[in-house]
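**Q** Here you go, one structure.
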2 protein chains.
Amino acid sequence: VSKFIDLLKQSLVSKNSHVCVGLDSQYSKLPAFITKGRSVTEAIFSFNRAVIEQTHDLAVVYKMNVAFYAGFGAEGLEGLRETNEYLKANCPEIPLLADCKRSEMGESVKMVAGEIFDWLGFDCVMATPWFGFDTIRDYLSDESKGVVIYVHDSNPTAAEIQDLVLADGRQVYEEAARLVAQKWNKSGNLFVEAAATYPVALRKIRQIIGEEMPLLVAGVGAQGGQVKALSGLFGRDRQRLIVNSSRGIIFASLADNEQAYFDDVRTAVVRLRDELQTIAMT
Amino acid sequence: VSKFIDLLKQSLVSKNSHVCVGLDSQYSKLPAFITKGRSVTEAIFSFNRAVIEQTHDLAVVYKMNVAFYAGFGAEGLEGLRETNEYLKANCPEIPLLADCKRSEMGESVKMVAGEIFDWLGFDCVMATPWFGFDTIRDYLSDESKGVVIYVHDSNPTAAEIQDLVLADGRQVYEEAARLVAQKWNKSGNLFVEAAATYPVALRKIRQIIGEEMPLLVAGVGAQGGQVKALSGLFGRDRQRLIVNSSRGIIFASLADNEQAYFDDVRTAVVRLRDELQTIAMT
């Protein structure tokens, strides 16, 4: 598959799943049986490899928040790089999303591409709409890579800017969704993120972007978003919705041994996959 | 000085300058006499050290766009880390700003702090307002560090979201400025960025934030913003405005030898410093 958007859609179809596994593998939260006797890089990579072994047949996408690696400096980033290298070698069918909220433009977008795509090995970068099309334009020429725009985020204060009411009665996030779907997506490699914690906005965003564009949903689980809020939003053939869970999967277990811990991780993914399948069919 | 905001204000007073030197030292644009025979890390550090030697008595602030380093992977970031280490050892009076447009929250803000403050050695991080106060809150507890909010950016499409007109007739950037100045700045360590390329917005933002809060101006020089647009915006005692120039300083020269090149760099800073002093006094 040469186009990113085709890789993503094929993954949605072939996995028969809607789960995005968020590998936000903060070193300081890794279980003791992983960190003991290992360097930061080794511990991060070992943990991620074990999660991947238990989840790769169910994960449509892996999403990594780059901050959780960069927070531990060069060693943390090396753990991320090795994880992506492992994924590309063993699960090349799964798109890799960099959750990094970048908003660069021109020359500095080329730099982000160098960092996120070439060095760290991702297929897709996430960007805010705050700076407009200038921060998106330079990603359009390489259709093998994708960009997710944060149209509505899941956190409580996302409303402070994103929900402001415009002179024409719409809200700011609606204009952001319109810009992505109708103006910016010239190469077909853009899609959007919205939040289960704002179900009204989530529904409006699906209306604005239409049935074909993939929609990445944040805020399910730990943040309080309800899976049932997703009913009717799965898009064309019920194959255009991806639901992220991070802590709810990778830190789902309190077990103090490897076997039990990663069994719990798999159980958490299976449960979310099944819940989403049920809602998709309603 | 223990509080970031005092460090910044003292730098403005003691340097008798308004220049922020943007060390956006993209490796692939460094002159041949710097890169020849040096590793990526060594070349970046050597270039930056030479710029610093010629500018430290005139620079109120150094601002580095992290993307220009991360784009060259671990070696690029090591060049940035060594630069900041050198600056802290030799010019501890100059605040170091990370231009990185981060928008994390909660646990991941701690990670950004680990990356930007602890690992890379900055004093101040830059953040978008798109996600609201949740992405700012966790910076407030450490007053030795600062946060700059991108209230209005300099690029042409910044208007797509930031200039949208609200139901009450104001524009989105005005609400962002109000949130920073009246709601978010509980610890006094926030300030804002606005753009000389949007002179009307720039003037309104100064009105909204008042005379005391520092204002960082982007877009002067290569991007077309006029220094004369800054008249009357320098704030209390004409000591609350900082004007960034990056390419216009560090890539000001076409000289092919070290001596002439860095003389040109100094000349560019002196010229901008003098221009700003003249406008400040009108």
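Residues are named by chain letter and number: chains run A, B, ... in the order of the structure tokens, numbers start at 1 in each chain, and ligands are numbered from 1 in the order shown.
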Find the spatial neighbours of Lys110 (chain B), counting only C-alpha atoms, within a cut-off of 9 Å - ignore same-chain residues fewer than 4 positions away - and output them as number ranges by chain.
**A** A: 67-68, 71; B: 104-106, 114-115, 138-139
**Q** Write out the residues from the selection above, keeping all heavy atoms, as an mmCIF file, in the first residue's frame.
**A**
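Contents of out06.cif, freshly written:
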```
data_model
loop_
_atom_site.group_PDB
_atom_site.id
_atom_site.type_symbol
_atom_site.label_atom_id
_atom_site.label_comp_id
_atom_site.auth_asym_id
_atom_site.auth_seq_id
_atom_site.Cartn_x
_atom_site.Cartn_y
_atom_site.Cartn_z
ATOM 1 N N ALA A 67 5.589 12.790 23.774
ATOM 2 C CA ALA A 67 6.024 13.414 25.037
ATOM 3 C C ALA A 67 6.372 12.367 26.099
ATOM 4 O O ALA A 67 7.307 12.569 26.887
ATOM 5 C CB ALA A 67 4.943 14.350 25.574
ATOM 6 N N PHE A 68 5.645 11.247 26.108
ATOM 7 C CA PHE A 68 5.905 10.228 27.128
ATOM 8 C C PHE A 68 7.259 9.548 26.938
ATOM 9 O O PHE A 68 7.751 8.884 27.840
ATOM 10 C CB PHE A 68 4.782 9.186 27.150
ATOM 11 C CG PHE A 68 3.532 9.680 27.835
ATOM 12 C CD1 PHE A 68 2.377 9.937 27.124
ATOM 13 C CD2 PHE A 68 3.529 9.912 29.205
ATOM 14 C CE1 PHE A 68 1.226 10.399 27.759
ATOM 15 C CE2 PHE A 68 2.390 10.375 29.858
ATOM 16 C CZ PHE A 68 1.236 10.621 29.130
ATOM 17 N N GLY A 71 10.136 12.828 27.380
ATOM 18 C CA GLY A 71 10.271 13.212 28.782
ATOM 19 C C GLY A 71 11.416 12.502 29.475
ATOM 20 O O GLY A 71 11.898 12.941 30.516
ATOM 21 N N GLU B 104 0.319 19.708 25.641
ATOM 22 C CA GLU B 104 0.051 18.502 26.421
ATOM 23 C C GLU B 104 -0.713 18.880 27.690
ATOM 24 O O GLU B 104 -0.956 20.051 27.955
ATOM 25 C CB GLU B 104 1.371 17.803 26.759
ATOM 26 C CG GLU B 104 2.158 17.357 25.538
ATOM 27 C CD GLU B 104 1.469 16.284 24.701
ATOM 28 O OE1 GLU B 104 0.582 15.587 25.228
ATOM 29 O OE2 GLU B 104 1.794 16.171 23.505
ATOM 30 N N MET B 105 -1.093 17.873 28.458
ATOM 31 C CA MET B 105 -1.822 18.165 29.700
ATOM 32 C C MET B 105 -1.627 17.039 30.713
ATOM 33 O O MET B 105 -1.357 15.902 30.343
ATOM 34 C CB MET B 105 -3.310 18.368 29.420
ATOM 35 C CG MET B 105 -4.016 17.171 28.850
ATOM 36 S SD MET B 105 -5.611 17.602 28.104
ATOM 37 C CE MET B 105 -5.116 18.303 26.522
ATOM 38 N N GLY B 106 -1.753 17.403 31.996
ATOM 39 C CA GLY B 106 -1.640 16.403 33.058
ATOM 40 C C GLY B 106 -0.288 15.716 33.030
ATOM 41 O O GLY B 106 0.754 16.366 32.967
ATOM 42 N N GLY B 114 10.064 17.463 31.559
ATOM 43 C CA GLY B 114 11.261 16.613 31.579
ATOM 44 C C GLY B 114 12.104 16.784 30.333
ATOM 45 O O GLY B 114 13.334 16.816 30.385
ATOM 46 N N GLU B 115 11.433 16.890 29.175
ATOM 47 C CA GLU B 115 12.131 17.049 27.902
ATOM 48 C C GLU B 115 12.723 18.457 27.782
ATOM 49 O O GLU B 115 13.915 18.627 27.545
ATOM 50 C CB GLU B 115 11.150 16.802 26.744
ATOM 51 C CG GLU B 115 11.740 17.085 25.360
ATOM 52 C CD GLU B 115 10.671 17.110 24.254
ATOM 53 O OE1 GLU B 115 9.472 17.021 24.560
ATOM 54 O OE2 GLU B 115 11.070 17.245 23.080
ATOM 55 N N ASP B 138 -0.481 22.932 34.626
ATOM 56 C CA ASP B 138 0.621 22.239 35.305
ATOM 57 C C ASP B 138 1.958 22.967 35.194
ATOM 58 O O ASP B 138 2.928 22.551 35.816
ATOM 59 C CB ASP B 138 0.748 20.813 34.769
ATOM 60 C CG ASP B 138 -0.432 19.967 35.213
ATOM 61 O OD1 ASP B 138 -0.505 19.657 36.405
ATOM 62 O OD2 ASP B 138 -1.300 19.666 34.374
ATOM 63 N N TYR B 139 2.002 24.049 34.420
ATOM 64 C CA TYR B 139 3.221 24.857 34.380
ATOM 65 C C TYR B 139 3.231 25.914 35.487
ATOM 66 O O TYR B 139 4.260 26.531 35.744
ATOM 67 C CB TYR B 139 3.351 25.569 33.029
ATOM 68 C CG TYR B 139 3.603 24.653 31.858
ATOM 69 C CD1 TYR B 139 2.649 24.490 30.871
ATOM 70 C CD2 TYR B 139 4.806 23.957 31.742
ATOM 71 C CE1 TYR B 139 2.881 23.660 29.777
ATOM 72 C CE2 TYR B 139 5.041 23.126 30.656
ATOM 73 C CZ TYR B 139 4.075 22.983 29.685
ATOM 74 O OH TYR B 139 4.298 22.166 28.609
#
```
**Q** Show which residues sit within 10 Å of Val13 (chain B), as an MDAnalysis selection string. Count only C-alpha atoms, and ignore same-chain residues fewer than 3 positions away.
**A** chainID B and resid 8:10 16:18 60 237:240
**Q** One decimal, in Å: what's the spacing between CA of Ala181 (chain B) and CA of Ile205 (chain B)?
**A**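 Separating CA of Ala181 (chain B) from CA of Ile205 (chain B) is a distance of 9.9 Å.
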**Q** Quick one: pick out all strand (DSSP E) residues within region 82-192 of chain B from a backbone DSSP run and write them as a ChimeraX atom specification.
**A** /B:96-102,124-127,146-150,190-192
**Q** Determine, for each residue of chain A having at least one atom at most 6 Å from an atom of chain B, the closest pair of atoms and their separation in Å to one decimal, counting only C-alpha atoms; order by chain and ascending number, as JSON lines.
**A**
```
{"residue": "A:Ala67", "atom": "CA", "partner": "B:Met111", "partner_atom": "CA", "distance": 5.6}
{"residue": "A:Phe68", "atom": "CA", "partner": "B:Met111", "partner_atom": "CA", "distance": 5.7}
{"residue": "A:Ala70", "atom": "CA", "partner": "B:Glu115", "partner_atom": "CA", "distance": 5.4}
{"residue": "A:Gly71", "atom": "CA", "partner": "B:Met111", "partner_atom": "CA", "distance": 4.1}
{"residue": "A:Gly73", "atom": "CA", "partner": "B:Trp119", "partner_atom": "CA", "distance": 5.9}
{"residue": "A:Met111", "atom": "CA", "partner": "B:Gly71", "partner_atom": "CA", "distance": 4.1}
{"residue": "A:Val112", "atom": "CA", "partner": "B:Gly71", "partner_atom": "CA", "distance": 5.7}
{"residue": "A:Gly114", "atom": "CA", "partner": "B:Gly71", "partner_atom": "CA", "distance": 4.5}
{"residue": "A:Glu115", "atom": "CA", "partner": "B:Gly71", "partner_atom": "CA", "distance": 4.4}
{"residue": "A:Trp119", "atom": "CA", "partner": "B:Gly73", "partner_atom": "CA", "distance": 5.9}
{"residue": "A:Trp130", "atom": "CA", "partner": "B:Ile161", "partner_atom": "CA", "distance": 5.9}
{"residue": "A:Phe131", "atom": "CA", "partner": "B:Ala158", "partner_atom": "CA", "distance": 4.4}
{"residue": "A:Gly132", "atom": "CA", "partner": "B:Thr157", "partner_atom": "CA", "distance": 4.9}
{"residue": "A:Phe133", "atom": "CA", "partner": "B:Thr157", "partner_atom": "CA", "distance": 5.9}
{"residue": "A:Asp134", "atom": "CA", "partner": "B:Thr157", "partner_atom": "CA", "distance": 5.8}
{"residue": "A:Thr157", "atom": "CA", "partner": "B:Gly132", "partner_atom": "CA", "distance": 4.9}
{"residue": "A:Ala158", "atom": "CA", "partner": "B:Phe131", "partner_atom": "CA", "distance": 4.5}
{"residue": "A:Glu160", "atom": "CA", "partner": "B:Gly132", "partner_atom": "CA", "distance": 5.5}
{"residue": "A:Ile161", "atom": "CA", "partner": "B:Trp130", "partner_atom": "CA", "distance": 5.9}
{"residue": "A:Val165", "atom": "CA", "partner": "B:Ala167", "partner_atom": "CA", "distance": 5.8}
{"residue": "A:Leu166", "atom": "CA", "partner": "B:Leu166", "partner_atom": "CA", "distance": 4.0}
{"residue": "A:Ala167", "atom": "CA", "partner": "B:Ala167", "partner_atom": "CA", "distance": 3.9}
```
**Q** Have a look at A:Val220, A:Cys20, A:Ala201, A:Ala229 and name the one nearest to Tyr62 (chain A); count only C-alpha atoms.
**A**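 Closest residue, counting only C-alpha atoms: A:Cys20.
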